[in-house]
Amino acid sequence: MMVLNQLRDKMREADDKIRQMEDAFDEMTAKKGELSRKVEECNVKLDRADKLINGLASEKERWQTSISHFDERIKNIPGDVLLASGIVSYLGPFNAQYRQSLTAQWSKVMKELAIPHTSGLTGLWDVLGDPTKLRTWESNGLPRDVLSRENALISEQSRRWPLFIDPQNQANKWIRQTYNGTTGAALECIKLTDRDFVRTLENSIRFGKPVLLENLGQELDPVLDPILQQQTWRQNGSLVIKMGDSIIPYHQDFKFFMTTKLPNPVYPPEVCATVNIVNFTLSPDCLEDQLIALVVAHERPDLEETRNQLAVANAQMQRDLGDIEDRILYLLSS
């Protein structure tokens with residue numbers, strides 16, 4: 001009987017070892033399957049990458065050129081950003097010729113100080129210009145000249161609200177068309193002489209509407225000071241601003257634009273420090289550019305239509321190219 005029990009114990013031990021070996025075998029089999037799956041995924045990725053590389057062999061030269069261009073731009077970013085910041089902050093009140101003159105002087109000083117920057121810069125558009133955005137601006141009534149596109153960039157990039165010197169009503173037309181309510185809240189147009197202009201302003205701040213204050217004179221109403229100085233703070237987690245005796249919510253989407261028809265207004269320093277004055281006055285060169293565009297549109301509407309179509313197509317192709325390149329990088333990495 002004792003021998004039988006010993007044999008039974010040995011049999012149980014053997015069964016336990018068999019179960020352990022079976023468990024280990026199952027674990028190894030699962031690992032083998034996982035490794036096989038990963039090998040298959042790697043083979044698929046390698047095959048996909050090989051097809052992409054072979055199919056994009058013609059793009060290699062363009063990409064290499066782009067890499068060289070981007071490397072050069074990266075080295076020049078400090079100087080280019082410094083130059084662009086100066087233009088946005090200080091050159092808005094001046095005409096195109098004076099802006100180009102000052103930009104050239106700044107570029108010369110930066111070269112003397114060995115600050116890396118792109119040589120041959122003529123203005124803000126060379127640093128921050130976006131052809132796709134320009135097309136949208138022009139379709140909304142922005143004049144087709146260098147000064148106007150630079151003015152649009154200044155008003156977009158500045159942290160201070162823009163005050164447009166606009167005797168020909170060009171900035172007014174552009175702002176009205178841009179914020180006509182098609183893609184967001186409709187523009188509120190007000191004047192200082194309006195009876196309810198403060199209430200309209202407060203509602204626009206509260207609900208995030210863009211506001212165009214038209215026909216300003218030499219003086220600004222003190223009620224605008226909190227807006228111009230952007231005197232906002234957080235109260236109970238919400239952004240607020242004080243208008244007169246009222247504290248109202250300040251919506252992040254609120255935008256504020258001002259225009260004056262005075263051709264050469266003189267504002268006190270405290271106003272110049274709180275707004276970004278942008279000169280939309282039509283110069284002879286800008287008038288010539290606009291007249292040429294109008295003559296072409298009138299005399300050869302077919303050419304103008306072709307130009308517009310090409311501009312739209314080019315902007316769309318640039319967007320498509322960027323999307324495709326992003327897709328290629330995603331496929332190569334996934």
# chains A, B, ... in the order shown; residues from 1 in each chain; ligands from 1
>>> residues_around(residues="Ser85 (chain A)", least_positions_apart="4", cutoff="9 Å", atoms="only C-alpha atoms", output="tab-separated table (two decimals) with N, CA and C atoms, in the first residue's frame")
chain	number	residue	atom	x	y	z
A	80	ASP	N	14.83	87.83	-38.57
A	80	ASP	CA	13.58	88.05	-39.31
A	80	ASP	C	12.44	88.40	-38.37
A	81	VAL	N	12.36	87.69	-37.24
A	81	VAL	CA	11.30	87.98	-36.26
A	81	VAL	C	11.51	89.36	-35.64
A	89	SER	N	5.19	96.90	-34.79
A	89	SER	CA	5.07	97.78	-33.63
A	89	SER	C	5.18	99.26	-33.99
A	90	TYR	N	6.02	99.60	-34.99
A	90	TYR	CA	6.36	101.01	-35.17
A	90	TYR	C	6.07	101.60	-36.55
A	124	LEU	N	7.24	93.41	-44.34
A	124	LEU	CA	6.64	92.40	-43.47
A	124	LEU	C	6.18	91.17	-44.24
A	157	GLN	N	-1.37	90.88	-36.73
A	157	GLN	CA	-0.32	90.41	-35.83
A	157	GLN	C	-0.17	91.25	-34.56
A	158	SER	N	-0.64	92.49	-34.60
A	158	SER	CA	-0.44	93.37	-33.45
A	158	SER	C	-1.33	92.97	-32.28
>>> residues_around(residues="region 102-116 of chain A", least_positions_apart="6", cutoff="9 Å", atoms="only C-alpha atoms", output="VMD selection string")
chain A and resid 75 to 80 83 86 to 87 91 122 to 123
>>> closest_residue(among="A:Arg8, A:Lys17, A:Arg48, A:Lys133", to="Gln316 (chain A)", atoms="only C-alpha atoms")
A:Lys133
>>> residues_around(residues="Ile247 (chain A)", least_positions_apart="5", cutoff="12 Å", atoms="only C-alpha atoms", output="list of chain:residue names")
A:Glu202, A:Ile205, A:Arg206, A:Pro226, A:Gln231, A:Thr232, A:Trp233, A:Arg234, A:Gln235, A:Ser238, A:Leu239, A:Val240, A:Ile241, A:Lys242
>>> residues_around(residues="Leu201 (chain A)", least_positions_apart="5", cutoff="9 Å", atoms="only C-alpha atoms", output="NGL selection string")
:A and (188 or 190 or 196 or 206 or 211)
>>> write_last_selection(atoms="N, CA and C atoms", output="PDB file, in the first residue's frame")
ATOM      1  N   GLU A 188     -20.542  94.761 -35.827  1.00  0.00           N
ATOM      2  CA  GLU A 188     -21.319  95.887 -35.318  1.00  0.00           C
ATOM      3  C   GLU A 188     -20.602  97.179 -35.708  1.00  0.00           C
ATOM      4  N   ILE A 190     -20.413 101.201 -35.391  1.00  0.00           N
ATOM      5  CA  ILE A 190     -20.891 102.263 -34.504  1.00  0.00           C
ATOM      6  C   ILE A 190     -20.073 103.538 -34.711  1.00  0.00           C
ATOM      7  N   ASP A 196     -26.619 105.008 -28.510  1.00  0.00           N
ATOM      8  CA  ASP A 196     -26.462 103.761 -27.754  1.00  0.00           C
ATOM      9  C   ASP A 196     -25.124 103.077 -28.058  1.00  0.00           C
ATOM     10  N   ARG A 206     -19.515  91.385 -24.458  1.00  0.00           N
ATOM     11  CA  ARG A 206     -20.115  90.284 -23.706  1.00  0.00           C
ATOM     12  C   ARG A 206     -20.308  89.045 -24.583  1.00  0.00           C
ATOM     13  N   VAL A 211     -16.364  94.708 -33.645  1.00  0.00           N
ATOM     14  CA  VAL A 211     -16.915  96.068 -33.643  1.00  0.00           C
ATOM     15  C   VAL A 211     -16.036  96.960 -34.507  1.00  0.00           C
TER      16      VAL A 211
END
>>> closest_residue(among="A:Asp194, A:Leu153, A:Glu34, A:Gln20", to="Leu128 (chain A)", atoms="only C-alpha atoms")
A:Leu153
>>> closest_residue(among="A:Ser101, A:Ser148, A:Ser139, A:Thr132", to="Cys286 (chain A)", atoms="only C-alpha atoms")
A:Ser148
>>> select_by_dssp(residues="region 4-186 of chain A", states="strand (DSSP E or B)", output="list of chain:residue names")
A:Trp161, A:Pro162, A:Leu163, A:Phe164, A:Ile165
>>> atom_distance(atom1="CA of Lys209 (chain A)", atom2="CA of Ile227 (chain A)")
13.7 Å
>>> closest_atom_pairs(of="region 66-168 of chain A", to="region 263-267 of chain A", cutoff="8 Å", atoms="only C-alpha atoms", output="tab-separated table")
residue	atom	partner	partner_atom	distance
A:Ile165	CA	A:Pro263	CA	6.7
A:Asp166	CA	A:Pro263	CA	7.2
A:Pro167	CA	A:Pro263	CA	5.6
>>> residues_around(residues="region 212-223 of chain A", least_positions_apart="5", cutoff="9 Å", atoms="only C-alpha atoms", output="VMD selection string")
chain A and resid 172 175 to 176 187 to 192 198 243 to 244 255 to 262 265 to 268 271
>>> write_last_selection(atoms="N, CA and C atoms", output="short mmCIF file (atom, residue, chain, number, x, y, z; two decimals), in the first residue's frame")
data_model
loop_
_atom_site.label_atom_id
_atom_site.label_comp_id
_atom_site.auth_asym_id
_atom_site.auth_seq_id
_atom_site.Cartn_x
_atom_site.Cartn_y
_atom_site.Cartn_z
N ASN A 172 -12.24 100.36 -44.24
CA ASN A 172 -13.61 100.20 -43.80
C ASN A 172 -14.33 99.13 -44.62
N ILE A 175 -12.88 95.58 -43.77
CA ILE A 175 -13.33 95.06 -42.48
C ILE A 175 -14.80 94.67 -42.54
N ARG A 176 -15.63 95.49 -43.17
CA ARG A 176 -17.06 95.18 -43.28
C ARG A 176 -17.29 93.86 -44.02
N LEU A 187 -20.53 91.88 -37.91
CA LEU A 187 -19.87 93.09 -37.45
C LEU A 187 -20.88 94.12 -36.95
N GLU A 188 -20.54 94.76 -35.83
CA GLU A 188 -21.32 95.89 -35.32
C GLU A 188 -20.60 97.18 -35.71
N CYS A 189 -21.26 98.05 -36.47
CA CYS A 189 -20.67 99.32 -36.89
C CYS A 189 -21.27 100.45 -36.05
N ILE A 190 -20.41 101.20 -35.39
CA ILE A 190 -20.89 102.26 -34.50
C ILE A 190 -20.07 103.54 -34.71
N LYS A 191 -20.61 104.64 -34.22
CA LYS A 191 -19.92 105.94 -34.21
C LYS A 191 -20.01 106.51 -32.80
N LEU A 192 -19.07 107.38 -32.47
CA LEU A 192 -19.10 108.00 -31.15
C LEU A 192 -20.35 108.84 -30.94
N VAL A 198 -22.32 102.97 -26.41
CA VAL A 198 -21.73 102.30 -25.26
C VAL A 198 -22.43 100.97 -25.01
N MET A 243 -16.42 98.66 -17.64
CA MET A 243 -16.84 99.72 -18.55
C MET A 243 -17.68 100.71 -17.74
N GLY A 244 -17.10 101.87 -17.44
CA GLY A 244 -17.80 102.82 -16.58
C GLY A 244 -17.93 102.25 -15.18
N LYS A 255 -13.45 91.52 -31.07
CA LYS A 255 -12.45 92.24 -31.87
C LYS A 255 -12.89 93.69 -32.02
N PHE A 256 -11.90 94.57 -32.10
CA PHE A 256 -12.20 96.00 -32.12
C PHE A 256 -11.36 96.69 -33.19
N PHE A 257 -12.04 97.40 -34.09
CA PHE A 257 -11.37 98.14 -35.16
C PHE A 257 -11.86 99.58 -35.14
N MET A 258 -10.97 100.50 -35.50
CA MET A 258 -11.32 101.91 -35.55
C MET A 258 -10.84 102.50 -36.87
N THR A 259 -11.61 103.41 -37.44
CA THR A 259 -11.20 104.10 -38.67
C THR A 259 -11.44 105.60 -38.52
N THR A 260 -10.58 106.36 -39.18
CA THR A 260 -10.77 107.80 -39.27
C THR A 260 -10.57 108.22 -40.72
N LYS A 261 -11.38 109.17 -41.15
CA LYS A 261 -11.24 109.69 -42.51
C LYS A 261 -10.29 110.88 -42.59
N LEU A 262 -9.76 111.29 -41.45
CA LEU A 262 -8.79 112.39 -41.45
C LEU A 262 -7.51 111.94 -42.16
N PRO A 265 -4.16 112.74 -39.21
CA PRO A 265 -4.54 113.04 -37.82
C PRO A 265 -3.31 113.07 -36.90
N VAL A 266 -3.42 113.83 -35.85
CA VAL A 266 -2.35 113.91 -34.85
C VAL A 266 -2.95 113.49 -33.51
N TYR A 267 -2.50 112.32 -33.02
CA TYR A 267 -3.01 111.81 -31.76
C TYR A 267 -1.96 111.98 -30.67
N PRO A 268 -2.39 112.21 -29.44
CA PRO A 268 -1.44 112.37 -28.33
C PRO A 268 -0.69 111.07 -28.06
N VAL A 271 -2.51 107.97 -26.66
CA VAL A 271 -3.34 107.22 -27.61
C VAL A 271 -2.46 106.33 -28.48
#
>>> closest_residue(among="A:Val278, A:Val127, A:Ala84, A:Ala313", to="Ala152 (chain A)", atoms="only C-alpha atoms")
A:Val278
